[in-house]
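Heads up: the structure comes next, in C-alpha cells.
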Amino acid sequence: MKRRNLLRGALAAGLTAPALAALTAARTDVDQTLSPDAPQDLADLEAAAESYGYGYHGQQPTRVLADLVTDFTTLRPLLTVPQPAPVRARLCRTAGQMAGMTAIVLHDLGSRRESRAWFGTAARAAAESGDDQLHAWVLAREAMVPLNYGAPRAAAELAAGTRPTAAAVLAAAVAARAYALNHQSEQARAALEAADALMERLPESERSDTWLTYGEQKHHVHLSHAFTTLGDTRRARESQTRALELSAPTSTMTRTLLNIDAAACSHHDGDTQQACRRTVAALTALPVDFRTGLVRRRALDLFEAIPAQHHRERAVRELRDVVAG
C-alpha cells in the first residue's frame, strides 16, 4: 500500500523525472530476475493481470499506471524463488502481460522511450514463458509506438502475422495504418484485406474487448484510423459509427480518438472549419489529464495537415491554441 501511494503521488504531477525514475526502478527490479522462479498464490496474480486487461474504465491513466506497476513489483520476490517449470512459465507470462499493459499506458501518455523499455521487458518475459502468442502480441502492440509517434515505416517493419490469432489481426491492422501514414496506399489496402480475413477466422475465445485480445470494437478503431489516413472517408465513417456503438461511455480516450478521426474526415472532404471545431469540442470535453500523449498527437496531426494559408482562420487558431495548451 505504501508503494502504491508513493507511486500515485509521484505520478500525480504527470510523467515527471522522479515519476519516470520510480517506474524504471520498478521495472528493472523485476527485469533483472527473469531467469529462475515463482509463487504460492499465482492465481491471484493472473486474475489481477486479467482485470487490468479490461482497460481504464474511466480512471485516469496515471492512476491505472500506479496500480499496475505496484502489482508488477510484487512479482520480483516470486521470481527469485525456485519453482517447477510450469509454474515459472505461468509467472513469466503474467509478468509479460503486466509489463506489456504498463507499456500501453505509457504509450497513451506519450512517453515513447519508457513505453519501448517496458515492451522490451514484456518481450523478455513472454519469451521466457514460452507463450509464442503473447510474444507476438507484445511485438504488435510495440509497433503502435512508432506508428502513433511519427515513425510509420518502423511500425510496418515490426508488425507481422499470418495465423488467425489476436496478435496477428492486430499486427495486420497496425501494418495497414503504418503503410497509410507512409503514403503506401496499395500496401495499406492489402494489409486491411489481410486484417479483415484474419478477423473473420479469429476464434471467439480471442474476440473479447480487452487489451490482450482483439474484438470487433478494437478492429473498427484501427480501421477508422487507416481509412481516415487513406482519405476513404465513407469507409472510415462506417467504422467510426460501429466502433462508437461498441465503445462503453467510460472509454474516454477511444471515443475521443474516433471523434478526431471523424473530424479529419471532414477536413478530407473539404470542411476544415468543421474539422477544427469538432476537434476542439472533443479536446475541451476531456479532463485535463486526458489531453496529453496520444490524444494530443492525433489532434496535432490534424492541425499539421491543414495548409498554412488557413492558419489565420479563427477555427484553425482555436485548434492550435487548444493543442498547444
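FYI, nothing fancy with the C-alpha cells labels: chains A, B, ... in order, residues from 1 per chain, ligands from 1 as they appear.
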Non-local contacts of segment 93-108 of chain A (9 Å; only C-alpha atoms; under 6 positions in same chain excluded) as a CSV table (one decimal) with N, CA and C atoms, in the first residue's frame:
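Result file follows (around-v5.csv):
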chain,number,residue,atom,x,y,z
A,15,LEU,N,4.2,12.6,-15.9
A,15,LEU,CA,5.4,11.8,-16.1
A,15,LEU,C,6.6,12.7,-16.0
A,27,ARG,N,10.4,-1.5,-12.9
A,27,ARG,CA,10.6,-2.4,-14.0
A,27,ARG,C,11.9,-3.2,-13.9
A,30,VAL,N,12.2,-6.2,-11.5
A,30,VAL,CA,11.7,-7.5,-12.0
A,30,VAL,C,12.5,-7.9,-13.2
A,42,LEU,N,-0.4,-17.9,-7.3
A,42,LEU,CA,-0.2,-17.4,-8.7
A,42,LEU,C,-1.6,-17.0,-9.3
A,45,LEU,N,-2.4,-13.4,-9.0
A,45,LEU,CA,-1.7,-12.5,-9.9
A,45,LEU,C,-2.2,-12.6,-11.3
A,46,GLU,N,-2.6,-13.8,-11.7
A,46,GLU,CA,-3.1,-14.0,-13.1
A,46,GLU,C,-4.5,-13.3,-13.2
A,48,ALA,N,-5.3,-10.6,-11.4
A,48,ALA,CA,-5.1,-9.2,-11.5
A,48,ALA,C,-4.7,-8.8,-12.9
A,49,ALA,N,-3.9,-9.6,-13.6
A,49,ALA,CA,-3.5,-9.2,-14.9
A,49,ALA,C,-4.7,-9.2,-15.8
A,50,GLU,N,-5.6,-10.2,-15.7
A,50,GLU,CA,-6.8,-10.2,-16.5
A,50,GLU,C,-7.6,-9.0,-16.2
A,52,TYR,N,-6.7,-6.0,-15.3
A,52,TYR,CA,-6.1,-4.8,-15.9
A,52,TYR,C,-6.4,-4.8,-17.4
A,53,GLY,N,-6.5,-6.0,-18.0
A,53,GLY,CA,-6.7,-6.1,-19.4
A,53,GLY,C,-8.0,-5.4,-19.9
A,55,GLY,N,-8.9,-2.5,-19.4
A,55,GLY,CA,-8.6,-1.1,-19.7
A,55,GLY,C,-8.9,-0.1,-18.6
A,61,PRO,N,-5.3,7.6,-16.6
A,61,PRO,CA,-4.3,6.7,-16.9
A,61,PRO,C,-3.1,6.6,-15.9
A,62,THR,N,-2.8,7.7,-15.2
A,62,THR,CA,-1.7,7.7,-14.3
A,62,THR,C,-2.1,6.9,-13.0
A,64,VAL,N,-4.2,4.2,-13.1
A,64,VAL,CA,-4.0,2.8,-13.6
A,64,VAL,C,-2.6,2.4,-13.6
A,65,LEU,N,-1.7,3.3,-14.1
A,65,LEU,CA,-0.3,3.1,-14.2
A,65,LEU,C,0.3,2.8,-12.8
A,68,LEU,N,-0.9,-0.7,-11.7
A,68,LEU,CA,-0.3,-1.8,-12.5
A,68,LEU,C,1.1,-2.0,-12.0
A,69,VAL,N,1.9,-1.0,-11.9
A,69,VAL,CA,3.3,-1.1,-11.5
A,69,VAL,C,3.5,-1.6,-10.1
A,71,ASP,N,1.5,-3.8,-8.6
A,71,ASP,CA,1.3,-5.2,-8.6
A,71,ASP,C,2.4,-5.9,-9.4
A,72,PHE,N,2.9,-5.2,-10.4
A,72,PHE,CA,4.1,-5.8,-11.1
A,72,PHE,C,5.3,-6.0,-10.2
A,75,LEU,N,5.9,-9.2,-8.2
A,75,LEU,CA,6.4,-10.4,-8.9
A,75,LEU,C,7.9,-10.7,-8.6
A,114,GLU,N,10.0,5.3,-22.4
A,114,GLU,CA,9.6,4.4,-21.4
A,114,GLU,C,8.7,3.3,-21.9
A,115,SER,N,7.8,3.6,-22.8
A,115,SER,CA,7.0,2.5,-23.3
A,115,SER,C,7.8,1.5,-24.0
A,116,ARG,N,8.7,1.9,-24.8
A,116,ARG,CA,9.6,0.9,-25.5
A,116,ARG,C,10.4,0.0,-24.5
A,117,ALA,N,10.9,0.6,-23.5
A,117,ALA,CA,11.6,-0.1,-22.5
A,117,ALA,C,10.7,-1.2,-21.8
A,118,TRP,N,9.5,-0.8,-21.5
A,118,TRP,CA,8.6,-1.8,-20.8
A,118,TRP,C,8.2,-2.9,-21.8
A,119,PHE,N,8.0,-2.5,-23.1
A,119,PHE,CA,7.7,-3.5,-24.1
A,119,PHE,C,8.9,-4.5,-24.2
A,120,GLY,N,10.2,-4.0,-24.0
A,120,GLY,CA,11.3,-4.9,-24.1
A,120,GLY,C,11.3,-5.9,-22.9
A,121,THR,N,10.9,-5.4,-21.7
A,121,THR,CA,10.8,-6.3,-20.6
A,121,THR,C,9.7,-7.3,-20.8
A,122,ALA,N,8.6,-6.8,-21.4
A,122,ALA,CA,7.4,-7.7,-21.7
A,122,ALA,C,7.8,-8.8,-22.7
A,123,ALA,N,8.6,-8.4,-23.7
A,123,ALA,CA,9.1,-9.4,-24.7
A,123,ALA,C,10.0,-10.5,-24.0
A,124,ARG,N,10.9,-10.0,-23.1
A,124,ARG,CA,11.8,-11.0,-22.5
A,124,ARG,C,10.9,-12.0,-21.6
A,125,ALA,N,10.0,-11.4,-20.9
A,125,ALA,CA,9.1,-12.3,-20.0
A,125,ALA,C,8.3,-13.2,-20.9
A,126,ALA,N,7.8,-12.7,-22.0
A,126,ALA,CA,7.0,-13.6,-22.9
A,126,ALA,C,7.8,-14.7,-23.5
A,127,ALA,N,9.0,-14.3,-23.9
A,127,ALA,CA,9.9,-15.4,-24.5
A,127,ALA,C,10.3,-16.4,-23.5
A,128,GLU,N,10.5,-16.0,-22.2
A,128,GLU,CA,10.9,-17.0,-21.2
A,128,GLU,C,9.7,-17.9,-20.8
A,129,SER,N,8.5,-17.3,-20.9
A,129,SER,CA,7.3,-18.1,-20.6
A,129,SER,C,7.0,-19.2,-21.7
A,130,GLY,N,7.6,-19.0,-22.9
A,130,GLY,CA,7.3,-20.0,-23.9
A,130,GLY,C,6.0,-19.7,-24.6
A,131,ASP,N,5.3,-18.6,-24.3
A,131,ASP,CA,4.0,-18.3,-24.9
A,131,ASP,C,4.2,-17.5,-26.2
A,134,LEU,N,1.7,-14.6,-26.8
A,134,LEU,CA,1.9,-13.4,-26.0
A,134,LEU,C,3.1,-12.6,-26.6
A,135,HIS,N,4.1,-13.3,-27.0
A,135,HIS,CA,5.3,-12.6,-27.6
A,135,HIS,C,4.9,-11.9,-28.9
A,137,TRP,N,1.9,-10.8,-29.5
A,137,TRP,CA,1.1,-9.6,-29.1
A,137,TRP,C,1.9,-8.5,-28.6
A,138,VAL,N,3.0,-8.8,-27.9
A,138,VAL,CA,3.9,-7.7,-27.4
A,138,VAL,C,4.5,-7.0,-28.6
A,141,ARG,N,1.8,-4.8,-30.3
A,141,ARG,CA,1.5,-3.6,-29.6
A,141,ARG,C,2.6,-2.6,-29.6
A,142,GLU,N,3.9,-3.1,-29.5
A,142,GLU,CA,5.0,-2.2,-29.6
A,142,GLU,C,5.1,-1.5,-30.9
A,144,MET,N,2.8,0.0,-32.3
A,144,MET,CA,1.9,1.1,-32.2
A,144,MET,C,2.7,2.4,-31.7
A,145,VAL,N,3.8,2.2,-31.0
A,145,VAL,CA,4.6,3.3,-30.5
A,145,VAL,C,5.1,4.1,-31.7
A,148,ASN,N,2.1,5.7,-33.9
A,148,ASN,CA,1.4,6.9,-33.4
A,148,ASN,C,2.3,8.1,-33.1
A,211,TRP,N,-7.3,-5.5,-23.6
A,211,TRP,CA,-6.0,-5.1,-24.2
A,211,TRP,C,-5.3,-6.4,-24.7
A,212,LEU,N,-5.6,-7.5,-24.2
A,212,LEU,CA,-4.8,-8.7,-24.5
A,212,LEU,C,-5.5,-9.5,-25.6
A,253,MET,N,-10.8,7.8,-23.9
A,253,MET,CA,-9.7,8.1,-24.8
A,253,MET,C,-10.1,7.5,-26.2
A,292,THR,N,-3.3,14.7,-23.3
A,292,THR,CA,-1.9,14.5,-23.5
A,292,THR,C,-1.6,13.3,-24.3
A,293,GLY,N,-0.3,13.1,-24.6
A,293,GLY,CA,0.0,11.8,-25.2
A,293,GLY,C,-0.6,11.6,-26.6
A,294,LEU,N,-1.3,10.4,-26.7
A,294,LEU,CA,-1.8,10.0,-27.9
A,294,LEU,C,-2.9,10.9,-28.4
A,295,VAL,N,-3.8,11.4,-27.6
A,295,VAL,CA,-4.9,12.3,-28.0
A,295,VAL,C,-4.4,13.6,-28.5
| task | Have a look at A:Arg177, A:Arg90, A:Arg277, A:Arg8 and name the one nearest to Leu319 of chain A; count only C-alpha atoms. | result | A:Arg277
Each residue of segment 179-295 of chain A with at least one atom at most 10 Å from segment 302-309 of chain A should appear once, together with its nearest atom pair and the corresponding distance in Å (one decimal); atoms considered: only C-alpha atoms; ordering: chain, then increasing residue number; output as a Markdown table.
| residue | atom | partner | partner_atom | distance |
| --- | --- | --- | --- | --- |
| A:Ile260 | CA | A:Leu302 | CA | 8.1 |
| A:Asp261 | CA | A:Leu302 | CA | 8.8 |
| A:Ala263 | CA | A:Leu302 | CA | 8.3 |
| A:Ala264 | CA | A:Leu302 | CA | 6.2 |
| A:Cys265 | CA | A:Leu302 | CA | 9.9 |
| A:His267 | CA | A:Ile306 | CA | 8.0 |
| A:His268 | CA | A:Ala305 | CA | 9.5 |
| A:Thr272 | CA | A:Ile306 | CA | 7.6 |
| A:Ala275 | CA | A:Leu302 | CA | 8.5 |
| A:Cys276 | CA | A:Phe303 | CA | 7.9 |
| A:Thr279 | CA | A:Leu302 | CA | 8.7 |
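Shell of Ser205 of chain A at 10 Å, with only C-alpha atoms counted and residues fewer than 3 places along the chain excluded, is A:Thr165, A:Ala166, A:Leu202, A:Ser208, A:Thr213, A:Tyr214, A:Gly215.
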Saved selection, atoms kept: N, CA and C atoms, as a short mmCIF file (atom, residue, chain, number, x, y, z; two decimals), in the first residue's frame:
data_model
loop_
_atom_site.label_atom_id
_atom_site.label_comp_id
_atom_site.auth_asym_id
_atom_site.auth_seq_id
_atom_site.Cartn_x
_atom_site.Cartn_y
_atom_site.Cartn_z
N THR A 165 -4.86 -15.27 -35.05
CA THR A 165 -4.78 -15.02 -33.62
C THR A 165 -5.01 -13.54 -33.38
N ALA A 166 -5.29 -13.18 -32.13
CA ALA A 166 -5.49 -11.77 -31.80
C ALA A 166 -4.26 -10.95 -32.18
N LEU A 202 -10.96 -15.45 -36.66
CA LEU A 202 -10.50 -15.37 -35.27
C LEU A 202 -11.44 -16.14 -34.35
N SER A 208 -12.86 -11.07 -27.14
CA SER A 208 -13.36 -10.21 -26.08
C SER A 208 -12.68 -8.84 -26.14
N THR A 213 -6.71 -9.15 -26.04
CA THR A 213 -7.43 -9.85 -27.09
C THR A 213 -7.76 -8.85 -28.20
N TYR A 214 -8.66 -9.24 -29.12
CA TYR A 214 -8.94 -8.37 -30.26
C TYR A 214 -10.40 -8.54 -30.68
N GLY A 215 -11.25 -7.62 -30.19
CA GLY A 215 -12.66 -7.68 -30.50
C GLY A 215 -13.05 -6.80 -31.67
#
| said: Which residue is closest to Ala226 of chain A? Choose from A:Ala299, A:Ala197, A:Val288, A:Leu147 and count only C-alpha atoms. | reply: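 Nearest candidate to Ala226 of chain A out of A:Ala299, A:Ala197, A:Val288, A:Leu147: A:Leu147.
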